[in-house]
file coords-v5.txt (compact mmCIF, C-alpha atoms)
# COMPACT_ATOMS: atom_id res chain seq x y z
CA MET A 21 98.67 83.88 31.40
CA ARG A 22 98.27 85.96 34.57
CA ARG A 23 94.77 87.05 33.57
CA LEU A 24 93.75 83.45 32.98
CA LEU A 25 95.22 82.37 36.33
CA VAL A 26 93.34 85.09 38.22
CA GLY A 27 90.07 84.25 36.52
CA ARG A 28 90.30 80.52 37.14
CA THR A 29 91.27 81.16 40.77
CA CYS A 30 88.12 83.22 41.26
CA ALA A 31 86.05 80.46 39.67
CA ALA A 32 87.71 77.79 41.84
CA LEU A 33 87.01 79.73 45.04
CA ALA A 34 83.41 80.31 43.99
CA THR A 35 82.98 76.61 43.24
CA ALA A 36 84.42 75.70 46.64
CA LEU A 37 81.92 78.00 48.40
CA ILE A 38 78.84 76.32 46.94
CA PRO A 39 78.66 72.96 48.80
CA THR A 40 79.19 74.43 52.27
CA THR A 41 76.73 77.26 51.66
CA LEU A 42 74.01 74.91 50.42
CA THR A 43 74.68 72.39 53.18
CA LEU A 44 74.43 74.93 55.99
CA ALA A 45 71.44 76.72 54.45
CA LEU A 46 69.45 73.51 54.07
CA LEU A 47 70.44 71.74 57.28
CA ARG A 48 69.65 74.86 59.28
CA GLY A 49 66.29 75.10 57.56
CA HIS A 50 66.90 78.50 55.95
CA ALA A 51 64.96 77.44 52.89
CA ALA A 52 61.19 77.66 53.12
CA GLY A 53 59.78 74.19 53.03
CA SER A 54 63.09 72.68 54.07
CA THR A 55 62.95 70.16 56.87
CA GLY A 56 66.67 70.57 57.50
CA SER A 57 67.06 66.93 56.54
CA ALA A 58 69.82 65.16 54.67
CA GLY A 59 67.19 64.23 52.08
CA ASP A 60 66.75 67.88 51.06
CA LEU A 61 70.50 68.29 50.79
CA GLY A 62 70.89 65.10 48.77
CA LEU A 63 68.18 66.21 46.34
CA VAL A 64 69.80 69.58 45.72
CA LEU A 65 73.31 68.17 45.33
CA ALA A 66 72.02 65.45 42.99
CA CYS A 67 70.35 68.10 40.86
CA GLU A 68 73.74 69.76 40.49
CA LEU A 69 75.63 66.55 39.68
CA LEU A 70 73.28 64.92 37.16
CA PRO A 71 73.40 67.72 34.54
CA MET A 72 77.21 67.59 34.70
CA LEU A 73 77.21 63.91 33.80
CA VAL A 74 74.54 64.12 31.12
CA LEU A 75 75.79 67.26 29.38
CA LEU A 76 79.56 66.72 29.37
CA PRO A 77 79.68 65.02 25.94
CA VAL A 78 77.58 67.86 24.52
CA ALA A 79 79.87 70.37 26.20
CA GLY A 80 82.90 68.76 24.58
CA VAL A 81 81.40 69.35 21.13
CA LEU A 82 80.66 73.00 21.91
CA ALA A 83 84.17 73.52 23.27
CA ASP A 84 85.55 72.44 19.89
CA ARG A 85 82.94 74.17 17.77
CA PHE A 86 83.04 77.66 19.30
CA PRO A 87 85.86 79.86 20.62
CA PRO A 88 86.63 78.45 24.10
CA GLN A 89 86.70 81.84 25.81
CA ARG A 90 83.10 82.43 24.72
CA VAL A 91 81.98 79.09 26.15
CA VAL A 92 83.81 79.74 29.44
CA LEU A 93 82.39 83.27 29.56
CA ALA A 94 78.84 81.99 29.13
CA ALA A 95 79.39 79.27 31.75
CA ASP A 96 80.78 81.72 34.32
CA LEU A 97 77.98 84.23 33.75
CA LEU A 98 75.35 81.49 34.03
CA ARG A 99 76.84 80.21 37.28
CA GLY A 100 77.09 83.76 38.57
CA ALA A 101 73.44 84.43 37.77
CA ALA A 102 72.27 81.18 39.41
CA GLN A 103 74.25 81.80 42.61
CA THR A 104 73.12 85.43 42.76
CA ALA A 105 69.51 84.26 42.48
CA ILE A 106 70.06 81.78 45.31
CA GLY A 107 71.58 84.53 47.45
CA ALA A 108 68.74 86.95 46.76
CA GLU A 109 66.10 84.39 47.68
CA LEU A 110 67.94 83.36 50.83
CA LEU A 111 68.16 86.99 51.92
CA CYS A 112 64.45 87.50 51.23
CA GLY A 113 63.51 84.29 53.04
CA LEU A 114 61.42 83.17 50.03
CA VAL A 115 63.51 80.32 48.72
CA ARG A 116 62.10 76.83 48.56
CA VAL A 117 63.86 73.51 48.12
CA PRO A 118 62.51 73.14 44.54
CA ASP A 119 63.96 76.56 43.72
CA LEU A 120 67.35 75.53 45.06
CA ALA A 121 67.18 72.29 43.11
CA VAL A 122 66.49 74.09 39.83
CA LEU A 123 69.22 76.68 40.40
CA ALA A 124 71.64 73.93 41.41
CA ALA A 125 70.82 72.13 38.15
CA VAL A 126 71.56 75.33 36.22
CA THR A 127 74.89 75.58 38.04
CA GLY A 128 75.71 71.96 37.24
CA ALA A 129 74.90 72.48 33.57
CA ALA A 130 77.19 75.51 33.48
CA VAL A 131 79.99 73.50 35.11
CA ALA A 132 79.56 70.83 32.43
CA PHE A 133 79.83 73.33 29.59
CA GLY A 134 82.71 75.26 31.11
CA THR A 135 85.00 72.37 32.13
CA PRO A 136 86.09 71.05 28.68
CA ALA A 137 86.37 74.61 27.35
CA VAL A 138 88.84 75.62 30.08
CA ARG A 139 91.24 72.89 28.98
CA THR A 140 90.90 74.08 25.37
CA LEU A 141 91.31 77.70 26.45
CA VAL A 142 94.64 76.93 28.12
CA ALA A 143 95.86 75.23 24.95
CA ALA A 144 94.70 78.16 22.84
CA THR A 145 96.17 80.84 25.07
CA VAL A 146 99.48 79.57 26.41
CA ASP A 147 102.55 78.43 24.50
CA ALA A 148 103.30 74.71 24.76
CA ASP A 149 106.45 75.22 26.84
CA GLN A 150 104.51 77.28 29.42
CA ARG A 151 101.49 75.05 29.90
CA LEU A 152 102.92 72.81 32.59
CA ARG A 153 103.79 75.86 34.69
CA LEU A 154 100.32 77.33 34.25
CA ASN A 155 98.57 74.01 34.94
CA SER A 156 100.69 73.63 38.08
CA ARG A 157 99.73 77.11 39.27
CA LEU A 158 96.08 76.45 38.48
CA ASP A 159 96.18 73.32 40.60
CA VAL A 160 97.80 75.16 43.50
CA ALA A 161 95.12 77.86 43.25
CA THR A 162 92.39 75.23 43.13
CA GLY A 163 93.81 73.43 46.15
CA LEU A 164 93.99 76.65 48.14
CA ALA A 165 90.45 77.51 47.10
CA GLN A 166 89.17 74.10 48.21
CA THR A 167 90.78 74.70 51.59
CA ALA A 168 89.63 78.29 52.00
CA GLY A 169 86.15 77.86 50.52
CA PRO A 170 84.43 75.92 53.33
CA ALA A 171 85.97 78.15 56.01
CA THR A 172 84.91 81.30 54.14
CA ALA A 173 81.39 80.04 53.56
CA GLY A 174 81.05 78.93 57.20
CA GLY A 175 82.34 82.25 58.50
CA MET A 176 79.99 84.27 56.31
CA MET A 177 77.13 81.98 57.30
CA LEU A 178 77.74 82.63 61.00
CA MET A 179 78.31 86.38 60.67
CA LEU A 180 76.05 87.45 57.81
CA GLY A 181 73.94 84.50 56.69
CA ALA A 182 73.92 82.04 53.80
CA GLY A 183 72.48 84.60 51.38
CA TRP A 184 75.61 86.74 51.50
CA SER A 185 77.80 83.72 50.91
CA SER A 186 75.83 82.92 47.74
CA LEU A 187 76.06 86.55 46.61
CA LEU A 188 79.83 86.43 47.08
CA THR A 189 79.89 83.23 45.03
CA GLY A 190 77.95 84.90 42.22
CA ALA A 191 80.26 87.93 42.30
CA LEU A 192 83.34 85.71 42.03
CA PHE A 193 81.93 83.93 38.98
CA ILE A 194 81.12 87.26 37.34
CA GLY A 195 84.62 88.49 38.19
CA SER A 196 86.05 85.36 36.61
CA ALA A 197 84.06 86.07 33.44
CA ALA A 198 85.42 89.62 33.37
CA THR A 199 89.01 88.39 33.21
CA LEU A 200 88.35 86.72 29.86
CA GLY A 201 88.17 90.06 28.08
CA GLY A 202 91.34 90.83 26.15
CA LEU A 203 92.70 87.27 26.16
CA HIS A 204 94.69 86.49 23.02
CA THR A 205 94.04 83.04 21.59
CA ARG A 206 95.15 80.95 18.66
CA ARG A 207 92.64 79.72 16.15
CA ALA A 208 92.00 76.02 15.96
CA ALA A 209 91.99 74.24 12.62
CA ARG A 210 88.73 74.47 10.71
CA PRO A 211 87.16 72.15 8.14
CA ALA A 212 88.17 72.87 4.56
CA ASP A 213 84.73 74.24 3.68
CA GLY A 214 84.82 76.64 6.65
CA GLY A 215 81.83 74.99 8.34
CA HIS A 216 81.28 72.17 10.83
CA PRO A 217 79.69 68.74 10.48
CA GLY A 218 76.48 68.07 12.39
CA PHE A 219 76.42 67.53 16.13
CA ARG A 220 76.20 63.73 15.93
CA ALA A 221 79.04 63.60 13.44
CA GLN A 222 81.22 65.72 15.70
CA LEU A 223 80.37 63.54 18.70
CA ARG A 224 81.31 60.41 16.74
CA GLU A 225 84.50 62.09 15.57
CA GLY A 226 85.42 62.87 19.18
CA TRP A 227 84.86 59.26 20.25
CA THR A 228 86.86 57.99 17.26
CA GLU A 229 89.74 60.26 18.21
CA THR A 230 89.48 59.11 21.82
CA ARG A 231 89.72 55.44 20.88
CA ARG A 232 92.74 56.16 18.69
CA HIS A 233 94.89 56.99 21.74
CA ARG A 234 95.55 53.86 23.81
CA TRP A 235 97.52 55.85 26.36
CA PHE A 236 94.51 58.11 26.92
CA LEU A 237 91.95 55.34 27.37
CA THR A 238 94.24 53.38 29.67
CA ASN A 239 94.85 56.42 31.84
CA VAL A 240 91.17 57.35 31.93
CA LEU A 241 90.30 53.84 33.12
CA GLY A 242 92.98 54.09 35.78
CA HIS A 243 91.72 57.49 36.89
CA GLY A 244 88.20 56.14 37.12
CA VAL A 245 89.42 53.37 39.44
CA TRP A 246 91.35 56.03 41.39
CA HIS A 247 88.23 58.13 41.97
CA LEU A 248 86.11 55.10 42.83
CA ALA A 249 88.67 53.95 45.41
CA ALA A 250 89.03 57.50 46.74
CA GLY A 251 85.27 57.50 47.37
CA PHE A 252 85.67 54.32 49.44
CA LEU A 253 88.59 55.82 51.38
CA LEU A 254 86.80 59.08 52.13
CA THR A 255 83.79 57.14 53.43
CA LEU A 256 85.46 54.31 55.35
CA GLY A 257 88.62 56.15 56.40
CA PRO A 258 86.85 58.36 58.96
CA LEU A 259 85.12 55.33 60.47
CA ILE A 260 88.43 53.51 60.93
CA ALA A 261 90.15 56.64 62.25
CA VAL A 262 87.45 57.24 64.84
CA ARG A 263 87.35 53.61 65.97
CA SER A 264 91.03 52.72 66.09
CA MET A 265 93.26 55.77 65.55
CA GLY A 266 92.22 58.18 68.27
CA GLY A 267 88.88 59.66 67.27
CA ASP A 268 87.79 62.60 65.14
CA ALA A 269 91.08 64.45 65.58
CA ALA A 270 92.93 61.60 63.86
CA TRP A 271 90.93 61.96 60.66
CA VAL A 272 91.26 65.75 60.75
CA LEU A 273 95.04 65.32 60.96
CA VAL A 274 95.00 62.89 58.03
CA THR A 275 92.98 65.21 55.79
CA GLN A 276 95.02 68.30 56.70
CA LEU A 277 98.25 66.48 55.86
CA GLY A 278 96.64 65.39 52.62
CA THR A 279 95.80 68.97 51.72
CA VAL A 280 99.38 70.02 52.38
CA GLY A 281 100.64 67.12 50.30
CA MET A 282 98.43 68.03 47.34
CA LEU A 283 99.53 71.67 47.41
CA VAL A 284 103.20 70.72 47.65
CA GLY A 285 102.80 68.25 44.80
CA ALA A 286 101.06 70.75 42.54
CA PHE A 287 103.72 73.36 43.31
CA ALA A 288 106.51 70.88 42.59
CA ALA A 289 105.01 69.46 39.38
CA GLY A 290 106.39 72.21 37.19
CA ARG A 291 109.81 72.04 38.83
CA LEU A 292 110.55 68.31 39.06
CA PRO A 293 112.78 66.88 36.30
CA ILE A 294 110.09 64.55 34.91
CA ARG A 295 111.08 63.66 31.33
CA ARG A 296 108.25 61.19 30.75
CA PRO A 297 105.01 62.88 31.93
CA LEU A 298 102.81 59.81 31.44
CA VAL A 299 105.12 57.80 33.67
CA GLY A 300 104.79 60.49 36.32
CA VAL A 301 101.00 60.42 35.93
CA ALA A 302 100.87 56.63 36.34
CA VAL A 303 103.09 56.56 39.41
CA GLY A 304 101.37 59.58 40.96
CA ALA A 305 97.98 57.89 40.66
CA ALA A 306 99.20 54.48 41.86
CA VAL A 307 100.43 55.99 45.15
CA LEU A 308 96.81 56.10 46.37
CA ALA A 309 97.30 52.38 47.04
CA LEU A 310 99.40 53.30 50.08
CA PRO A 311 96.68 54.91 52.25
CA LEU A 312 94.13 52.36 51.03
CA ALA A 313 96.42 49.60 52.29
CA ALA A 314 97.31 51.49 55.47
CA PHE A 315 93.69 51.96 56.49
CA GLY A 316 92.72 48.49 55.27
CA LEU A 317 95.44 46.90 57.42
CA GLY A 318 94.64 49.11 60.40
CA LEU A 319 98.14 50.60 60.69
CA ALA A 320 98.92 53.20 63.32
CA LEU A 321 98.01 56.84 62.73
CA PRO A 322 101.53 58.05 61.78
CA TRP A 323 101.75 55.46 59.00
CA ALA A 324 98.26 56.10 57.71
CA ALA A 325 98.70 59.88 57.77
CA SER A 326 102.07 59.67 56.01
CA ALA A 327 100.60 57.38 53.36
CA TYR A 328 97.74 59.81 52.72
CA PHE A 329 100.22 62.69 52.46
CA LEU A 330 102.15 60.77 49.79
CA ALA A 331 98.95 59.92 47.90
CA MET A 332 97.83 63.54 47.81
CA PHE A 333 101.35 64.61 46.83
CA GLY A 334 101.04 62.17 43.92
CA LEU A 335 97.67 63.68 43.01
CA GLY A 336 99.17 67.17 43.09
CA VAL A 337 101.94 66.08 40.73
CA LEU A 338 99.86 64.03 38.32
CA SER A 339 97.07 66.54 37.73
CA PRO A 340 99.12 69.26 35.95
CA LEU A 341 101.21 66.61 34.21
CA TRP A 342 98.04 64.97 32.89
CA GLU A 343 96.48 68.23 31.73
CA THR A 344 99.68 69.17 29.94
CA ALA A 345 100.01 65.73 28.35
CA ILE A 346 96.48 65.96 26.94
CA GLN A 347 97.04 69.48 25.64
CA ARG A 348 100.32 68.35 24.11
CA ARG A 349 99.23 65.09 22.48
CA ILE A 350 95.61 65.73 21.42
CA PRO A 351 94.94 68.05 18.44
CA ARG A 352 93.21 71.17 19.70
CA GLU A 353 90.32 70.92 17.25
CA VAL A 354 89.15 67.76 19.10
CA LEU A 355 90.55 68.50 22.56
CA GLY A 356 87.22 69.46 24.11
CA ARG A 357 85.48 66.28 22.99
CA VAL A 358 88.30 63.95 23.94
CA GLY A 359 88.83 65.66 27.30
CA SER A 360 85.13 65.53 28.14
CA PHE A 361 85.26 61.72 28.32
CA ASP A 362 88.04 61.95 30.90
CA THR A 363 86.05 64.44 32.98
CA LEU A 364 82.88 62.35 32.69
CA ILE A 365 84.58 59.26 34.14
CA SER A 366 86.08 61.28 37.00
CA PHE A 367 82.81 63.04 37.85
CA ALA A 368 80.88 59.77 37.87
CA ALA A 369 83.31 57.45 39.66
CA ARG A 370 83.86 59.45 42.87
CA PRO A 371 80.14 59.77 43.82
CA LEU A 372 79.68 56.10 42.98
CA GLY A 373 82.42 55.17 45.42
CA LEU A 374 80.92 57.37 48.09
CA ALA A 375 77.48 55.85 47.55
CA VAL A 376 78.39 52.15 47.60
CA ALA A 377 81.18 52.17 50.20
CA VAL A 378 78.93 51.65 53.23
CA PRO A 379 76.75 48.88 51.69
CA VAL A 380 79.87 47.03 50.52
CA ALA A 381 81.53 47.47 53.92
CA THR A 382 78.39 46.15 55.60
CA LEU A 383 78.74 42.92 53.63
CA LEU A 384 82.53 42.53 53.58
CA GLY A 385 83.82 44.66 56.46
CA THR A 386 85.91 47.79 56.12
CA SER A 387 89.27 46.16 55.38
CA ALA A 388 88.44 44.03 52.33
CA PRO A 389 87.16 46.82 50.05
CA LEU A 390 90.10 49.08 50.89
CA LEU A 391 92.69 46.36 50.30
CA ALA A 392 91.01 45.36 47.03
CA GLY A 393 90.97 49.02 46.05
CA ALA A 394 94.69 49.29 46.73
CA VAL A 395 95.43 46.41 44.36
CA LEU A 396 93.10 47.72 41.66
CA VAL A 397 94.42 51.29 41.85
CA ALA A 398 98.02 50.15 41.52
CA ALA A 399 97.29 47.71 38.71
CA ALA A 400 94.96 49.95 36.69
CA ASN A 401 97.26 52.99 36.78
CA LEU A 402 100.61 51.22 36.34
CA ALA A 403 99.20 49.33 33.35
CA VAL A 404 99.90 52.36 31.17
CA LEU A 405 103.62 51.73 31.66
CA LEU A 406 103.24 48.66 29.43
CA LEU A 407 102.46 50.91 26.46
CA PRO A 408 105.32 52.29 24.34
CA GLU A 409 103.52 55.65 24.17
CA ALA A 410 104.07 56.17 27.90
CA TRP A 411 107.82 56.33 27.36
CA GLU A 412 107.69 58.73 24.44
CA HIS A 413 108.16 62.48 24.71
CA PRO A 414 106.51 63.72 21.50
CA GLU A 415 106.54 67.18 20.06
CA PRO A 416 103.36 69.14 20.83
CA VAL A 417 100.49 68.65 18.40
CA THR A 418 99.47 71.94 16.86
CA ALA A 419 96.43 72.84 14.83
CA ARG A 420 96.86 74.07 11.28
CA CYS A 421 95.80 77.58 12.20
CA ASP A 422 97.88 77.81 15.38
CA ALA A 423 100.80 79.58 13.73
CA ARG A 424 99.75 83.01 14.84
CA ARG A 425 98.19 84.56 17.93
CA GLU A 426 95.24 86.88 17.39
CA PRO A 427 93.06 89.03 19.62
CA VAL A 428 89.80 87.59 20.86
CA ALA A 429 87.81 90.25 19.02
CA ALA A 430 89.40 89.32 15.71
CA GLU A 431 88.75 85.64 16.37
CA GLY A 432 85.13 86.41 17.18
CA ARG A 433 84.67 88.17 13.82
CA GLY A 434 86.30 85.26 11.98
CA GLN A 435 84.16 82.70 13.77
CA SER A 436 80.78 84.41 13.48
CA GLU A 437 79.78 83.05 10.07
CA ALA A 438 81.05 79.56 10.89
CA GLY A 439 79.12 79.64 14.15
CA SER A 440 75.93 80.60 12.32
CA ARG A 441 76.37 77.81 9.80
CA ALA A 442 77.02 75.34 12.63
CA ALA A 443 73.86 76.44 14.44
CA ASP A 444 71.83 75.96 11.25
CA GLY A 445 73.26 72.51 10.70
CA ARG A 446 72.47 71.03 14.11

call {"tool": "encode", "arguments": {"input": "coords-v5.txt", "output": "structure tokens"}}
result
Amino acid sequence: MRRLLVGRTCAALATALIPTTLTLALLRGHAAGSTGSAGDLGLVLACELLPMLVLLPVAGVLADRFPPQRVVLAADLLRGAAQTAIGAELLCGLVRVPDLAVLAAVTGAAVAFGTPAVRTLVAATVDADQRLRLNSRLDVATGLAQTAGPATAGGMMLMLGAGWSSLLTGALFIGSAATLGGLHTRRAARPADGGHPGFRAQLREGWTETRRHRWFLTNVLGHGVWHLAAGFLLTLGPLIAVRSMGGDAAWVLVTQLGTVGMLVGAFAAGRLPIRRPLVGVAVGAAVLALPLAAFGLGLALPWAASAYFLAMFGLGVLSPLWETAIQRRIPREVLGRVGSFDTLISFAARPLGLAVAVPVATLLGTSAPLLAGAVLVAAANLAVLLLPEAWEHPEPVTARCDARREPVAAEGRGQSEAGSRAADGR
């Protein structure tokens, strides 16, 4: 468990370095052919996001078809290679915006393939009664990385240049890949004939399994509304803070309190006596309605900042609870495919909220969208409480071959023929 925690922390810090490094490199015109415009930055960031959205369903199939540590290993090495290439070109002064766009797309594709496999890897590596603790620690590590990443990238940019920041990012991804060696995992259940159905059949099977769980679909819809509303808040909140709460410093205070709240919530998630995890997830998500309402109503800074702290505390609590609930209730042989739909909705909804917030606010003003978002967030996430499944505390679902724990090397030997047959059948 410690090895997995260290590796994912390295990957989280590396991921947090990327946006700041690219932003500063492009806006300062370090890339040849860059005008230092927001258009260049938008192009590169879009090239990273689009492969994530397109490839996530494919990634879910691969996470279920192959040993998850192999998929995560390949994703980390690919991200490490792409970021190292960016760093080398920045140091040589030869990089162009098209080069950055292609390498960003490679990074985004690697993120897509690695994300569902990490969830499966946790389920395959850690006993059921330890997963909430690990997921909580992973969320704390991710929160700290998101805080430290921009500062680290900015500091390296000022002292050494953007190229060295990208090289550090690549080294962290490679270091994360190195921690996967020696992990002991459980085998997932295999088809009776030892092989796998075709890719389309597996994709359909994943969607069928997803639809079978009402609690999952209801939560995913609620989380999509959460991310959409969060995009509105992160766009319109600064405008309101600057205009009516005391300027830039007011928004900085709000976001810093939010970061603290998220870290405290993630730390507390594994220690709070929550007997019904899905209830905790629903309430934790619905709390975002508080800052949406506070900013929409134009409340004073102390109220708005406190509301945002509570919302981020709720996020910190719900994230490990949600990951653990999925790993507990979804059979591991379909976990990657089912989980990929959840990730897809989250990845798509936040940028959509960021993109449409200003046009909507131009038509309706800043208050109406935030207040509507508060109502929708509360309703969409608390709706899961109407389902009987939300109040159950089921035993963990285990795959047929999960009875014993085996070394990665042994699993690799056992999977090699199945993997070859699967590749031939696609």

call {"tool": "atom_distance", "arguments": {"input": "coords-v5.txt", "atom1": "atom CA of Leu341 of chain A", "atom2": "atom CA of Met72 of chain A"}}
result
24.0 Å

call {"tool": "atom_distance", "arguments": {"input": "coords-v5.txt", "atom1": "atom CA of Ala250 of chain A", "atom2": "atom CA of Leu374 of chain A"}}
result
8.2 Å

call {"tool": "closest_residue", "arguments": {"input": "coords-v5.txt", "among": "A:Leu44, A:Leu76, A:Leu248, A:Ala125", "to": "Ala171 of chain A", "atoms": "all atoms listed in the file"}}
result
A:Leu44

call {"tool": "closest_residue", "arguments": {"input": "coords-v5.txt", "among": "A:Ala191, A:Ala161, A:Ala410, A:Ala381", "to": "Thr29 of chain A", "atoms": "only C-alpha atoms"}}
result
A:Ala161

call {"tool": "closest_residue", "arguments": {"input": "coords-v5.txt", "among": "A:Leu310, A:Leu123, A:Leu111, A:Met21", "to": "Leu65 of chain A", "atoms": "only C-alpha atoms"}}
result
A:Leu123

call {"tool": "axis_aligned_box", "arguments": {"input": "coords-v5.txt", "around": "segment 405-412 of chain A", "padding_each_side": "6 Å", "output": "AutoDock Vina command-line options"}}
result
--center_x 105.1 --center_y 53.7 --center_z 27.9 --size_x 17.4 --size_y 22.1 --size_z 19.5

call {"tool": "closest_residue", "arguments": {"input": "coords-v5.txt", "among": "A:Leu120, A:Leu37, A:Leu180, A:Leu241", "to": "Leu402 of chain A", "atoms": "all atoms listed in the file"}}
result
A:Leu241

call {"tool": "atom_distance", "arguments": {"input": "coords-v5.txt", "atom1": "atom CA of Gly242 of chain A", "atom2": "atom CA of Leu321 of chain A"}}
result
27.6 Å

call {"tool": "closest_residue", "arguments": {"input": "coords-v5.txt", "among": "A:Ala124, A:Ile194, A:Leu253, A:Val92", "to": "Leu42 of chain A", "atoms": "only C-alpha atoms"}}
result
A:Ala124

call {"tool": "closest_residue", "arguments": {"input": "coords-v5.txt", "among": "A:Leu98, A:Leu69, A:Leu312, A:Ala137", "to": "Trp246 of chain A", "atoms": "all atoms listed in the file"}}
result
A:Leu312

call {"tool": "residues_around", "arguments": {"input": "coords-v5.txt", "residues": "Gly100 of chain A", "least_positions_apart": "4", "cutoff": "12 Å", "atoms": "only C-alpha atoms", "output": "number ranges by chain"}}
result
A: 30-31, 34-35, 38, 93-96, 104-107, 123-124, 126-128, 130-131, 186-198

call {"tool": "residues_around", "arguments": {"input": "coords-v5.txt", "residues": "segment 331-340 of chain A", "least_positions_apart": "2", "cutoff": "10 Å", "atoms": "only C-alpha atoms", "output": "number ranges by chain"}}
result
A: 151-160, 163, 275, 277-290, 292, 297-312, 325-329, 342-346

call {"tool": "write_last_selection", "arguments": {"input": "coords-v5.txt", "atoms": "C-alpha atoms", "output": "CSV table (one decimal), in the coordinates of the input"}}
result
chain,number,residue,atom,x,y,z
A,151,ARG,CA,101.5,75.0,29.9
A,152,LEU,CA,102.9,72.8,32.6
A,153,ARG,CA,103.8,75.9,34.7
A,154,LEU,CA,100.3,77.3,34.2
A,155,ASN,CA,98.6,74.0,34.9
A,156,SER,CA,100.7,73.6,38.1
A,157,ARG,CA,99.7,77.1,39.3
A,158,LEU,CA,96.1,76.4,38.5
A,159,ASP,CA,96.2,73.3,40.6
A,160,VAL,CA,97.8,75.2,43.5
A,163,GLY,CA,93.8,73.4,46.2
A,275,THR,CA,93.0,65.2,55.8
A,277,LEU,CA,98.2,66.5,55.9
A,278,GLY,CA,96.6,65.4,52.6
A,279,THR,CA,95.8,69.0,51.7
A,280,VAL,CA,99.4,70.0,52.4
A,281,GLY,CA,100.6,67.1,50.3
A,282,MET,CA,98.4,68.0,47.3
A,283,LEU,CA,99.5,71.7,47.4
A,284,VAL,CA,103.2,70.7,47.6
A,285,GLY,CA,102.8,68.2,44.8
A,286,ALA,CA,101.1,70.8,42.5
A,287,PHE,CA,103.7,73.4,43.3
A,288,ALA,CA,106.5,70.9,42.6
A,289,ALA,CA,105.0,69.5,39.4
A,290,GLY,CA,106.4,72.2,37.2
A,292,LEU,CA,110.6,68.3,39.1
A,297,PRO,CA,105.0,62.9,31.9
A,298,LEU,CA,102.8,59.8,31.4
A,299,VAL,CA,105.1,57.8,33.7
A,300,GLY,CA,104.8,60.5,36.3
A,301,VAL,CA,101.0,60.4,35.9
A,302,ALA,CA,100.9,56.6,36.3
A,303,VAL,CA,103.1,56.6,39.4
A,304,GLY,CA,101.4,59.6,41.0
A,305,ALA,CA,98.0,57.9,40.7
A,306,ALA,CA,99.2,54.5,41.9
A,307,VAL,CA,100.4,56.0,45.2
A,308,LEU,CA,96.8,56.1,46.4
A,309,ALA,CA,97.3,52.4,47.0
A,310,LEU,CA,99.4,53.3,50.1
A,311,PRO,CA,96.7,54.9,52.2
A,312,LEU,CA,94.1,52.4,51.0
A,325,ALA,CA,98.7,59.9,57.8
A,326,SER,CA,102.1,59.7,56.0
A,327,ALA,CA,100.6,57.4,53.4
A,328,TYR,CA,97.7,59.8,52.7
A,329,PHE,CA,100.2,62.7,52.5
A,342,TRP,CA,98.0,65.0,32.9
A,343,GLU,CA,96.5,68.2,31.7
A,344,THR,CA,99.7,69.2,29.9
A,345,ALA,CA,100.0,65.7,28.4
A,346,ILE,CA,96.5,66.0,26.9

call {"tool": "residues_around", "arguments": {"input": "coords-v5.txt", "residues": "Thr135 of chain A", "least_positions_apart": "5", "cutoff": "12 Å", "atoms": "only C-alpha atoms", "output": "ChimeraX atom specification"}}
result
/A:28,31-32,72-73,75-83,88-89,91-96,128-130,140-142,355-357,359-364,367

call {"tool": "residues_around", "arguments": {"input": "coords-v5.txt", "residues": "Gly62 of chain A", "least_positions_apart": "6", "cutoff": "12 Å", "atoms": "only C-alpha atoms", "output": "list of chain:residue names"}}
result
A:Pro39, A:Leu42, A:Thr43, A:Leu46, A:Leu47, A:Gly56, A:Glu68, A:Leu69, A:Leu70, A:Val117, A:Leu120, A:Ala121, A:Ala124, A:Pro371, A:Ala375

call {"tool": "residues_near_point", "arguments": {"input": "coords-v5.txt", "point": "(96.3, 50.7, 64.7)", "cutoff": "8 Å", "atoms": "all atoms listed in the file", "output": "VMD selection string"}}
result
chain A and resid 264 to 265 318 to 321
